[in-house]
$ cat target35.txt   # compact mmCIF, C-alpha atoms
# COMPACT_ATOMS: atom_id res chain seq x y z
CA MET A 1 -17.32 20.29 -17.49
CA ASN A 2 -17.22 17.78 -20.31
CA ALA A 3 -14.31 15.42 -20.53
CA ASP A 4 -12.40 14.81 -23.75
CA VAL A 5 -10.92 11.53 -22.57
CA GLU A 6 -12.25 8.96 -20.08
CA LEU A 7 -10.06 6.71 -17.92
CA ASP A 8 -11.48 3.94 -15.75
CA THR A 9 -9.09 2.82 -12.98
CA ARG A 10 -11.71 1.25 -10.73
CA GLY A 11 -10.41 -1.77 -8.81
CA LEU A 12 -6.76 -0.76 -9.22
CA ASN A 13 -4.41 0.30 -6.43
CA CYS A 14 -1.69 2.96 -6.54
CA PRO A 15 0.46 3.48 -8.62
CA LEU A 16 -1.45 2.12 -11.62
CA PRO A 17 -4.12 4.88 -11.73
CA ILE A 18 -1.32 7.47 -11.75
CA LEU A 19 0.69 5.69 -14.43
CA LYS A 20 -2.41 5.27 -16.60
CA ALA A 21 -3.29 8.94 -16.09
CA LYS A 22 0.24 9.92 -17.10
CA LYS A 23 -0.04 7.86 -20.27
CA SER A 24 -3.48 9.26 -21.18
CA ILE A 25 -2.41 12.85 -20.59
CA SER A 26 0.72 12.51 -22.69
CA ALA A 27 -1.48 11.69 -25.70
CA MET A 28 -3.81 14.68 -25.13
CA ALA A 29 -3.59 18.28 -26.35
CA ALA A 30 -3.17 21.24 -23.98
CA GLY A 31 -6.52 22.39 -22.56
CA GLN A 32 -8.18 19.00 -22.95
CA VAL A 33 -9.81 17.39 -19.92
CA LEU A 34 -9.30 13.86 -18.64
CA ARG A 35 -11.99 12.27 -16.47
CA ILE A 36 -10.71 9.51 -14.17
CA THR A 37 -12.83 7.16 -12.09
CA ALA A 38 -11.16 5.25 -9.24
CA THR A 39 -11.99 3.17 -6.17
CA ASP A 40 -8.66 3.43 -4.34
CA PRO A 41 -9.09 5.92 -1.44
CA GLY A 42 -5.39 6.74 -1.76
CA SER A 43 -6.08 8.16 -5.23
CA VAL A 44 -7.45 11.41 -3.74
CA LYS A 45 -4.06 12.37 -2.35
CA ASP A 46 -2.21 10.79 -5.25
CA MET A 47 -4.05 12.80 -7.93
CA GLU A 48 -3.27 16.03 -6.08
CA SER A 49 0.43 15.16 -5.90
CA PHE A 50 0.41 14.00 -9.50
CA CYS A 51 -1.01 17.31 -10.73
CA LYS A 52 1.43 19.31 -8.61
CA GLN A 53 4.37 17.33 -9.95
CA THR A 54 3.32 17.34 -13.58
CA GLY A 55 1.96 20.89 -13.75
CA ASN A 56 -1.55 19.85 -14.82
CA GLU A 57 -4.68 21.25 -13.20
CA LEU A 58 -6.92 19.23 -10.92
CA VAL A 59 -10.24 20.83 -11.83
CA GLN A 60 -12.41 18.54 -9.75
CA SER A 61 -11.98 15.86 -7.09
CA SER A 62 -15.16 14.30 -5.76
CA SER A 63 -16.45 11.04 -4.33
CA GLU A 64 -19.75 9.25 -4.38
CA GLY A 65 -20.75 5.78 -3.25
CA GLY A 66 -17.20 4.53 -2.77
CA GLU A 67 -16.04 5.85 -6.14
CA PHE A 68 -13.81 8.81 -6.82
CA VAL A 69 -13.99 11.07 -9.85
CA PHE A 70 -11.23 13.42 -10.94
CA LEU A 71 -11.15 15.97 -13.74
CA LEU A 72 -7.66 16.84 -14.89
CA LYS A 73 -6.95 19.63 -17.37
CA LYS A 74 -3.77 19.30 -19.37
CA HIS A 75 -1.54 22.38 -19.32
CA MET B 1 -0.15 12.40 34.60
CA SER B 2 -1.81 9.74 32.44
CA LYS B 3 -5.23 10.90 33.65
CA ARG B 4 -4.71 14.37 32.22
CA LEU B 5 -4.43 13.31 28.60
CA LYS B 6 -6.90 14.96 26.25
CA ALA B 7 -9.49 12.70 24.64
CA ASN B 8 -7.74 12.56 21.26
CA GLU B 9 -4.36 11.94 22.88
CA ARG B 10 -5.84 9.20 25.02
CA ARG B 11 -7.40 7.61 21.97
CA ALA B 12 -4.08 7.74 20.11
CA SER B 13 -2.22 6.17 23.03
CA ILE B 14 -4.80 3.38 23.30
CA LEU B 15 -4.44 2.65 19.59
CA ALA B 16 -0.63 2.64 19.79
CA VAL B 17 -0.54 0.19 22.72
CA ALA B 18 -3.30 -2.01 21.27
CA LYS B 19 -1.45 -2.23 17.95
CA VAL B 20 1.72 -3.50 19.65
CA LEU B 21 -0.19 -6.09 21.69
CA PHE B 22 -2.32 -7.31 18.77
CA ALA B 23 0.84 -7.57 16.70
CA ASP B 24 2.58 -9.64 19.38
CA LYS B 25 -0.28 -11.93 20.38
CA GLY B 26 -2.99 -11.71 17.77
CA TYR B 27 -6.60 -10.70 18.29
CA ASN B 28 -7.51 -13.71 20.41
CA GLY B 29 -4.39 -13.49 22.57
CA VAL B 30 -5.10 -10.02 23.93
CA ALA B 31 -7.66 -9.08 26.60
CA VAL B 32 -9.01 -5.55 27.10
CA ASP B 33 -7.77 -5.73 30.72
CA GLU B 34 -4.22 -6.24 29.50
CA ILE B 35 -4.37 -3.22 27.20
CA ALA B 36 -5.75 -1.11 30.06
CA ARG B 37 -3.07 -2.38 32.44
CA ARG B 38 -0.32 -1.52 29.96
CA LEU B 39 -1.77 2.00 29.64
CA GLY B 40 -2.05 2.40 33.41
CA VAL B 41 -5.80 3.05 33.29
CA SER B 42 -8.92 1.09 34.19
CA PRO B 43 -10.79 -0.88 31.51
CA ALA B 44 -13.66 1.61 31.99
CA VAL B 45 -11.49 4.40 30.55
CA LEU B 46 -10.78 2.24 27.54
CA TYR B 47 -14.47 1.50 27.03
CA GLN B 48 -15.17 5.25 26.99
CA HIS B 49 -13.28 5.39 23.71
CA PHE B 50 -14.02 1.99 22.21
CA PRO B 51 -17.24 0.09 23.04
CA SER B 52 -15.63 -3.35 22.59
CA LYS B 53 -12.41 -5.18 21.78
CA GLU B 54 -13.74 -5.67 18.23
CA ALA B 55 -14.23 -1.91 17.84
CA LEU B 56 -10.72 -1.26 19.09
CA TYR B 57 -9.27 -3.87 16.76
CA GLU B 58 -11.16 -2.35 13.83
CA ALA B 59 -9.83 1.11 14.74
CA VAL B 60 -6.28 -0.26 14.75
CA LEU B 61 -6.87 -1.77 11.31
CA ASN B 62 -8.35 1.44 9.96
CA GLN B 63 -5.30 3.28 11.18
CA ILE B 64 -3.03 0.79 9.42
CA SER B 65 -5.04 1.20 6.22
CA ALA B 66 -4.70 4.97 6.40
CA GLU B 67 -0.94 4.63 6.74
CA ARG B 68 -0.45 2.93 3.44
CA GLU B 69 2.25 4.19 1.18
CA SER B 70 2.04 6.41 -1.84
CA TYR B 71 4.01 5.28 -4.85
CA ILE B 72 3.82 8.63 -6.63
CA GLU B 73 7.52 9.31 -6.30
CA ALA B 74 8.38 5.72 -7.23
CA ALA B 75 6.15 5.91 -10.28
CA LEU B 76 7.16 9.30 -11.61
CA ASN B 77 10.77 9.92 -10.61
CA GLY B 78 13.32 7.85 -12.48
CA PRO B 79 13.34 5.43 -15.43
CA ASP B 80 9.75 4.33 -16.19
CA ASP B 81 10.39 0.78 -17.39
CA PHE B 82 8.61 -2.06 -15.55
CA GLY B 83 11.64 -3.32 -13.60
CA SER B 84 12.82 0.11 -12.44
CA VAL B 85 9.40 1.21 -11.18
CA LEU B 86 8.83 -2.16 -9.46
CA GLU B 87 12.18 -1.90 -7.70
CA ARG B 88 11.45 1.64 -6.48
CA MET B 89 7.98 0.57 -5.26
CA ALA B 90 9.49 -2.32 -3.28
CA LEU B 91 12.08 0.00 -1.76
CA VAL B 92 9.37 2.45 -0.62
CA PHE B 93 7.34 -0.42 0.86
CA ALA B 94 10.37 -1.88 2.65
CA ASP B 95 11.37 1.50 4.00
CA ASN B 96 7.90 2.07 5.46
CA LEU B 97 7.67 -1.38 6.99
CA SER B 98 11.16 -1.13 8.46
CA SER B 99 9.90 1.68 10.65
CA ASP B 100 6.68 -0.20 11.48
CA SER B 101 7.48 -3.84 12.17
CA ASP B 102 4.18 -4.18 14.08
CA TYR B 103 2.41 -4.15 10.74
CA LEU B 104 4.29 -7.24 9.57
CA ARG B 105 3.63 -8.97 12.88
CA MET B 106 -0.09 -8.25 12.60
CA GLU B 107 -0.01 -9.69 9.12
CA MET B 108 1.64 -12.88 10.37
CA GLN B 109 -0.94 -13.18 13.17
CA ALA B 110 -3.76 -12.54 10.73
CA ALA B 111 -2.55 -15.31 8.44
CA LEU B 112 -2.89 -17.74 11.34
CA GLU B 113 -6.14 -16.71 12.92
CA ASP B 114 -8.18 -14.41 10.74
CA ALA B 115 -8.59 -14.98 7.01
CA PRO B 116 -10.85 -11.94 6.38
CA LEU B 117 -8.29 -9.71 8.08
CA ALA B 118 -5.46 -11.23 6.07
CA ARG B 119 -7.44 -10.42 2.91
CA HIS B 120 -8.07 -6.88 4.16
CA LEU B 121 -4.34 -6.35 4.67
CA PHE B 122 -3.64 -7.76 1.22
CA GLU B 123 -6.15 -5.38 -0.38
CA ASN B 124 -4.58 -2.44 1.38
CA ARG B 125 -0.88 -3.06 1.11
CA TRP B 126 0.05 -5.90 -1.27
CA LYS B 127 -2.46 -5.38 -4.02
CA SER B 128 -0.44 -2.45 -5.37
CA PHE B 129 2.23 -5.00 -6.31
CA THR B 130 -0.04 -7.64 -7.78
CA ASP B 131 -1.97 -5.02 -9.80
CA PHE B 132 1.20 -3.42 -11.07
CA ILE B 133 2.93 -6.69 -12.00
CA GLU B 134 -0.09 -8.28 -13.66
CA PHE B 135 -0.91 -5.16 -15.66
CA ASN B 136 2.65 -4.73 -16.92
CA ILE B 137 3.11 -8.37 -17.84
CA LYS B 138 -0.16 -8.42 -19.79
CA GLU B 139 0.72 -5.19 -21.57
CA LEU B 140 4.23 -6.36 -22.49
CA GLN B 141 2.84 -9.67 -23.72
CA GLN B 142 0.31 -7.87 -25.92
CA LYS B 143 3.19 -5.96 -27.46
CA GLY B 144 5.08 -9.22 -27.99
CA LYS B 145 7.86 -8.12 -25.64
CA LEU B 146 7.51 -10.80 -22.99
CA ALA B 147 7.42 -14.57 -22.94
CA ALA B 148 4.24 -16.48 -22.09
CA VAL B 149 4.38 -16.36 -18.29
CA ASN B 150 1.23 -16.48 -16.20
CA PRO B 151 0.79 -12.93 -14.78
CA GLN B 152 -0.96 -14.15 -11.62
CA ILE B 153 1.70 -16.72 -10.80
CA ALA B 154 4.44 -14.20 -11.55
CA SER B 155 2.94 -11.64 -9.16
CA LEU B 156 2.48 -14.31 -6.47
CA PHE B 157 6.12 -15.29 -6.95
CA TYR B 158 7.36 -11.72 -6.48
CA GLN B 159 5.06 -11.02 -3.56
CA GLY B 160 6.27 -14.18 -1.84
CA ALA B 161 9.95 -13.33 -2.30
CA LEU B 162 9.45 -9.75 -1.15
CA ARG B 163 7.45 -10.78 1.91
CA GLU B 164 10.05 -13.38 2.87
CA ALA B 165 12.82 -10.79 2.52
CA LEU B 166 10.90 -8.38 4.77
CA TYR B 167 10.27 -11.08 7.38
CA ALA B 168 13.92 -12.19 7.30
CA LYS B 169 15.37 -8.70 7.65
CA ILE B 170 12.77 -6.84 9.75
CA ILE B 171 11.30 -9.46 12.09
CA LEU B 172 13.50 -12.55 12.20
CA LYS B 173 16.82 -10.76 11.64
CA THR B 174 18.00 -13.95 9.98
CA PRO B 175 21.81 -14.35 10.29
CA ARG B 176 21.90 -15.96 6.85
CA TYR B 177 21.16 -12.62 5.15
CA GLN B 178 23.04 -10.44 7.63
CA ALA B 179 25.63 -9.33 5.11
CA LEU B 180 22.97 -8.00 2.74
CA ALA B 181 21.19 -4.75 3.57
CA LEU B 182 17.44 -4.84 2.89
CA PRO B 183 17.55 -2.43 -0.09
CA GLU B 184 20.27 -4.50 -1.74
CA LEU B 185 18.34 -7.71 -1.08
CA ILE B 186 15.28 -6.16 -2.71
CA LYS B 187 17.25 -4.98 -5.73
CA GLN B 188 18.65 -8.48 -6.25
CA ILE B 189 15.25 -10.14 -5.81
CA THR B 190 13.72 -7.74 -8.33
CA ARG B 191 16.57 -8.37 -10.79
CA LEU B 192 16.18 -12.14 -10.42
CA PHE B 193 12.42 -11.85 -10.90
CA MET B 194 12.90 -9.86 -14.10
CA GLN B 195 15.33 -12.48 -15.40
CA GLY B 196 12.85 -15.20 -14.44
CA ILE B 197 10.07 -13.72 -16.56
CA GLU B 198 12.61 -13.14 -19.36
CA TYR B 199 12.09 -9.40 -19.35
CA LYS B 200 14.46 -7.34 -21.45
CA ASN B 201 14.40 -3.59 -21.04
CA LYS B 202 14.84 -2.59 -24.66

$ encode --input "target35.txt" --output "C-alpha cells"
Amino acid sequence: MNADVELDTRGLNCPLPILKAKKSISAMAAGQVLRITATDPGSVKDMESFCKQTGNELVQSSSEGGEFVFLLKKH
Amino acid sequence: MSKRLKANERRASILAVAKVLFADKGYNGVAVDEIARRLGVSPAVLYQHFPSKEALYEAVLNQISAERESYIEAALNGPDDFGSVLERMALVFADNLSSDSDYLRMEMQAALEDAPLARHLFENRWKSFTDFIEFNIKELQQKGKLAAVNPQIASLFYQGALREALYAKIILKTPRYQALALPELIKQITRLFMQGIEYKNK
C-alpha cells in the first residue's frame, strides 16, 4: 500500500510519535494513508491504542532491524 | 511449597526478589547466594534460570524497560497545550513510580555505580520528558510564541525538579513537603516551570 503522507519519528519516545501522528492525520483527507517510522518499542502498543481511540485504521504494524513501520488509514 | 513452583513462576519470583535487593544495595552489593537465601532455594536453582548474576541483572532491567508507561491518555485526553500535556505526563509517571519505588532506588544506585545503566534508565523512562519538552519549546520558538530559552537546559531543569519531587515524596518521605500531596507538588512544579520559560497559553 502506498502512503500519501510520511512521518519520521525515529529517535523519539512516547508521546511525541503519537502527537505528531495526530497532527499529520488532522491535515489529511479521509481514506488517505499515513506511513510512520519509529524506533520506540512502546510505539507498537501506542499506535494500536491511538487508532482505537481516534477511530482510524491501523492497516499495518511491522518491525525490521530495530525500526517499526505503521500504516494508518484516516477514516 | 517453594519447590513446587512452575518454571515461569519461579523465574518471576527470582526477578521480583532480585529487583528489591539490587534496588537496596546496587549491583555490586548483592551476591547470588543472598538472592537464593531470600528465596529459600539453593544457588543452583537460581543458576538453572539465569547463568550468571549479570544475566539476572539484565533480566531485571529488561523487565523494568517493559514496564514503562504509555502517555497515550495523557497526550490525547484533555487540553492539548504544552503545559497541560506535560502536567498529565508527569502525573502518570509519578503514579507509576509511586507503586514501584524500587525503580527509583535502582536509578539512584545506578547513578553511583553504573553510568551505562543510568543512561539506559534515562533512555527508557526520562527521555519521554526531554523529547517532549525540547520539541515543544523549539516549535513554540519557531512560531514566535516563546522567549529565547535553551530547550536542553529547560528540559534538564524540569527533569531535575520532577526527579527531586519523586525522591522527596516516594523514597525519602521528606517532612518538609509532607503537607503537599505528590500530584499537587507536580502541578505546582509544572506551573513554575511554565512561568520560568515565559510560556503563555494563548

$ atom_distance --input "target35.txt" --atom1 "CA of Arg37 in chain B" --atom2 "CA of Ser101 in chain B"
22.9 Å

$ closest_atom_pairs --input "target35.txt" --of "range 9-89 of chain B" --to "range 154-166 of chain B" --cutoff "12 Å" --atoms "all atoms listed in the file" --output "JSON lines"
{"residue": "B:Gly83", "atom": "CA", "partner": "B:Tyr158", "partner_atom": "CA", "distance": 11.8}
{"residue": "B:Leu86", "atom": "CA", "partner": "B:Tyr158", "partner_atom": "CA", "distance": 10.1}
{"residue": "B:Glu87", "atom": "CA", "partner": "B:Leu162", "partner_atom": "CA", "distance": 10.6}
{"residue": "B:Met89", "atom": "CA", "partner": "B:Leu162", "partner_atom": "CA", "distance": 11.2}

$ atom_distance --input "target35.txt" --atom1 "CA of Ala90 in chain B" --atom2 "CA of Leu19 in chain A"
16.3 Å

$ atom_distance --input "target35.txt" --atom1 "CA of Asn13 in chain A" --atom2 "CA of Trp126 in chain B"
9.2 Å

$ interface_residues --input "target35.txt" --of "chain B" --to "chain A" --cutoff "9 Å" --atoms "all atoms listed in the file" --output "list in words"
Ala66, Arg68, Glu69, Ser70, Tyr71, Ile72, Ala74, Ala75, Leu76, Met89, Glu123, Asn124, Arg125, Lys127, Ser128, Phe129, Asp131, Phe132 and Phe135 of chain B

$ closest_residue --input "target35.txt" --among "A:Arg10, A:Ala38, A:Val5, A:Glu57" --to "Lys23 in chain A" --atoms "all atoms listed in the file"
A:Val5

$ residues_around --input "target35.txt" --residues "range 46-63 of chain B" --least-positions-apart "2" --cutoff "10 Å" --atoms "only C-alpha atoms" --output "PDB file with C-alpha atoms, in the coordinates of the input"
ATOM      1  CA  ALA B   7      -9.490  12.700  24.640  1.00  0.00           C
ATOM      2  CA  ASN B   8      -7.740  12.560  21.260  1.00  0.00           C
ATOM      3  CA  ARG B  10      -5.840   9.200  25.020  1.00  0.00           C
ATOM      4  CA  ARG B  11      -7.400   7.610  21.970  1.00  0.00           C
ATOM      5  CA  ALA B  12      -4.080   7.740  20.110  1.00  0.00           C
ATOM      6  CA  ILE B  14      -4.800   3.380  23.300  1.00  0.00           C
ATOM      7  CA  LEU B  15      -4.440   2.650  19.590  1.00  0.00           C
ATOM      8  CA  ALA B  16      -0.630   2.640  19.790  1.00  0.00           C
ATOM      9  CA  VAL B  17      -0.540   0.190  22.720  1.00  0.00           C
ATOM     10  CA  ALA B  18      -3.300  -2.010  21.270  1.00  0.00           C
ATOM     11  CA  LYS B  19      -1.450  -2.230  17.950  1.00  0.00           C
ATOM     12  CA  VAL B  20       1.720  -3.500  19.650  1.00  0.00           C
ATOM     13  CA  PHE B  22      -2.320  -7.310  18.770  1.00  0.00           C
ATOM     14  CA  TYR B  27      -6.600 -10.700  18.290  1.00  0.00           C
ATOM     15  CA  ASN B  28      -7.510 -13.710  20.410  1.00  0.00           C
ATOM     16  CA  VAL B  30      -5.100 -10.020  23.930  1.00  0.00           C
ATOM     17  CA  ALA B  31      -7.660  -9.080  26.600  1.00  0.00           C
ATOM     18  CA  VAL B  32      -9.010  -5.550  27.100  1.00  0.00           C
ATOM     19  CA  ASP B  33      -7.770  -5.730  30.720  1.00  0.00           C
ATOM     20  CA  ILE B  35      -4.370  -3.220  27.200  1.00  0.00           C
ATOM     21  CA  ALA B  36      -5.750  -1.110  30.060  1.00  0.00           C
ATOM     22  CA  LEU B  39      -1.770   2.000  29.640  1.00  0.00           C
ATOM     23  CA  VAL B  41      -5.800   3.050  33.290  1.00  0.00           C
ATOM     24  CA  SER B  42      -8.920   1.090  34.190  1.00  0.00           C
ATOM     25  CA  PRO B  43     -10.790  -0.880  31.510  1.00  0.00           C
ATOM     26  CA  ALA B  44     -13.660   1.610  31.990  1.00  0.00           C
ATOM     27  CA  SER B  65      -5.040   1.200   6.220  1.00  0.00           C
ATOM     28  CA  ALA B  66      -4.700   4.970   6.400  1.00  0.00           C
ATOM     29  CA  GLU B  67      -0.940   4.630   6.740  1.00  0.00           C
ATOM     30  CA  ARG B  68      -0.450   2.930   3.440  1.00  0.00           C
ATOM     31  CA  TYR B 103       2.410  -4.150  10.740  1.00  0.00           C
ATOM     32  CA  MET B 106      -0.090  -8.250  12.600  1.00  0.00           C
ATOM     33  CA  LEU B 117      -8.290  -9.710   8.080  1.00  0.00           C
ATOM     34  CA  HIS B 120      -8.070  -6.880   4.160  1.00  0.00           C
ATOM     35  CA  LEU B 121      -4.340  -6.350   4.670  1.00  0.00           C
TER      36      LEU B 121
END

$ closest_residue --input "target35.txt" --among "B:Arg176, B:Gly26, B:Glu9, B:Phe82" --to "Lys138 in chain B" --atoms "all atoms listed in the file"
B:Phe82

$ closest_residue --input "target35.txt" --among "B:Ala147, B:Val85, B:Leu185, B:Ala23" --to "Met108 in chain B" --atoms "only C-alpha atoms"
B:Ala23

$ axis_aligned_box --input "target35.txt" --around "range 17-33 of chain A" --padding-each-side "8 Å" --output "AutoDock Vina command-line options"
--center_x -4.5 --center_y 13.6 --center_z -19.0 --size_x 26.5 --size_y 33.5 --size_z 30.6

$ build_atoms --input "target35.txt" --residues "range 38-72 of chain A" --atoms "N, CA and C atoms" --output "short mmCIF file (atom, residue, chain, number, x, y, z; two decimals), in the frame of the given file"
data_model
loop_
_atom_site.label_atom_id
_atom_site.label_comp_id
_atom_site.auth_asym_id
_atom_site.auth_seq_id
_atom_site.Cartn_x
_atom_site.Cartn_y
_atom_site.Cartn_z
N ALA A 38 -12.03 6.12 -10.04
CA ALA A 38 -11.16 5.25 -9.24
C ALA A 38 -11.91 4.75 -8.01
N THR A 39 -11.41 3.68 -7.43
CA THR A 39 -11.99 3.17 -6.17
C THR A 39 -10.96 3.17 -5.04
N ASP A 40 -9.71 3.41 -5.36
CA ASP A 40 -8.66 3.43 -4.34
C ASP A 40 -8.73 4.75 -3.56
N PRO A 41 -9.00 4.68 -2.23
CA PRO A 41 -9.09 5.92 -1.44
C PRO A 41 -7.80 6.73 -1.49
N GLY A 42 -6.68 6.04 -1.69
CA GLY A 42 -5.39 6.74 -1.76
C GLY A 42 -5.28 7.62 -2.99
N SER A 43 -6.18 7.40 -3.97
CA SER A 43 -6.08 8.16 -5.23
C SER A 43 -6.37 9.64 -5.03
N VAL A 44 -7.12 10.00 -3.97
CA VAL A 44 -7.45 11.41 -3.74
C VAL A 44 -6.15 12.21 -3.53
N LYS A 45 -5.33 11.70 -2.62
CA LYS A 45 -4.06 12.37 -2.35
C LYS A 45 -3.10 12.23 -3.54
N ASP A 46 -3.13 11.06 -4.14
CA ASP A 46 -2.21 10.79 -5.25
C ASP A 46 -2.45 11.72 -6.44
N MET A 47 -3.74 11.95 -6.77
CA MET A 47 -4.05 12.80 -7.93
C MET A 47 -3.60 14.24 -7.68
N GLU A 48 -3.74 14.68 -6.43
CA GLU A 48 -3.27 16.03 -6.08
C GLU A 48 -1.76 16.13 -6.30
N SER A 49 -1.03 15.15 -5.75
CA SER A 49 0.43 15.16 -5.90
C SER A 49 0.82 15.05 -7.37
N PHE A 50 0.10 14.20 -8.09
CA PHE A 50 0.41 14.00 -9.50
C PHE A 50 0.29 15.32 -10.26
N CYS A 51 -0.80 16.05 -10.02
CA CYS A 51 -1.01 17.31 -10.73
C CYS A 51 0.05 18.34 -10.35
N LYS A 52 0.39 18.37 -9.06
CA LYS A 52 1.43 19.31 -8.61
C LYS A 52 2.75 19.01 -9.31
N GLN A 53 3.08 17.73 -9.37
CA GLN A 53 4.37 17.33 -9.95
C GLN A 53 4.44 17.51 -11.45
N THR A 54 3.30 17.32 -12.11
CA THR A 54 3.32 17.34 -13.58
C THR A 54 2.84 18.67 -14.16
N GLY A 55 2.37 19.57 -13.29
CA GLY A 55 1.96 20.89 -13.75
C GLY A 55 0.60 20.91 -14.44
N ASN A 56 -0.19 19.85 -14.27
CA ASN A 56 -1.55 19.85 -14.82
C ASN A 56 -2.53 20.31 -13.73
N GLU A 57 -3.73 20.68 -14.16
CA GLU A 57 -4.68 21.25 -13.20
C GLU A 57 -5.72 20.21 -12.76
N LEU A 58 -5.86 20.10 -11.44
CA LEU A 58 -6.92 19.23 -10.92
C LEU A 58 -8.18 20.08 -10.80
N VAL A 59 -9.06 19.96 -11.77
CA VAL A 59 -10.24 20.83 -11.83
C VAL A 59 -11.29 20.37 -10.83
N GLN A 60 -11.40 19.06 -10.67
CA GLN A 60 -12.41 18.54 -9.75
C GLN A 60 -11.95 17.23 -9.11
N SER A 61 -12.27 17.10 -7.81
CA SER A 61 -11.98 15.86 -7.09
C SER A 61 -13.18 15.57 -6.21
N SER A 62 -13.95 14.56 -6.55
CA SER A 62 -15.16 14.30 -5.76
C SER A 62 -15.33 12.81 -5.53
N SER A 63 -16.21 12.47 -4.59
CA SER A 63 -16.45 11.04 -4.33
C SER A 63 -17.94 10.80 -4.12
N GLU A 64 -18.35 9.63 -4.56
CA GLU A 64 -19.75 9.25 -4.38
C GLU A 64 -19.87 7.74 -4.37
N GLY A 65 -20.49 7.21 -3.32
CA GLY A 65 -20.75 5.78 -3.25
C GLY A 65 -19.51 4.92 -3.38
N GLY A 66 -18.42 5.34 -2.74
CA GLY A 66 -17.20 4.53 -2.77
C GLY A 66 -16.37 4.69 -4.03
N GLU A 67 -16.82 5.60 -4.92
CA GLU A 67 -16.04 5.85 -6.14
C GLU A 67 -15.54 7.29 -6.15
N PHE A 68 -14.40 7.47 -6.75
CA PHE A 68 -13.81 8.81 -6.82
C PHE A 68 -13.73 9.25 -8.27
N VAL A 69 -14.05 10.53 -8.49
CA VAL A 69 -13.99 11.07 -9.85
C VAL A 69 -13.07 12.28 -9.86
N PHE A 70 -12.17 12.30 -10.82
CA PHE A 70 -11.23 13.42 -10.94
C PHE A 70 -11.29 13.99 -12.36
N LEU A 71 -11.26 15.32 -12.43
CA LEU A 71 -11.15 15.97 -13.74
C LEU A 71 -9.80 16.68 -13.80
N LEU A 72 -9.00 16.27 -14.75
CA LEU A 72 -7.66 16.84 -14.89
C LEU A 72 -7.57 17.59 -16.22
#
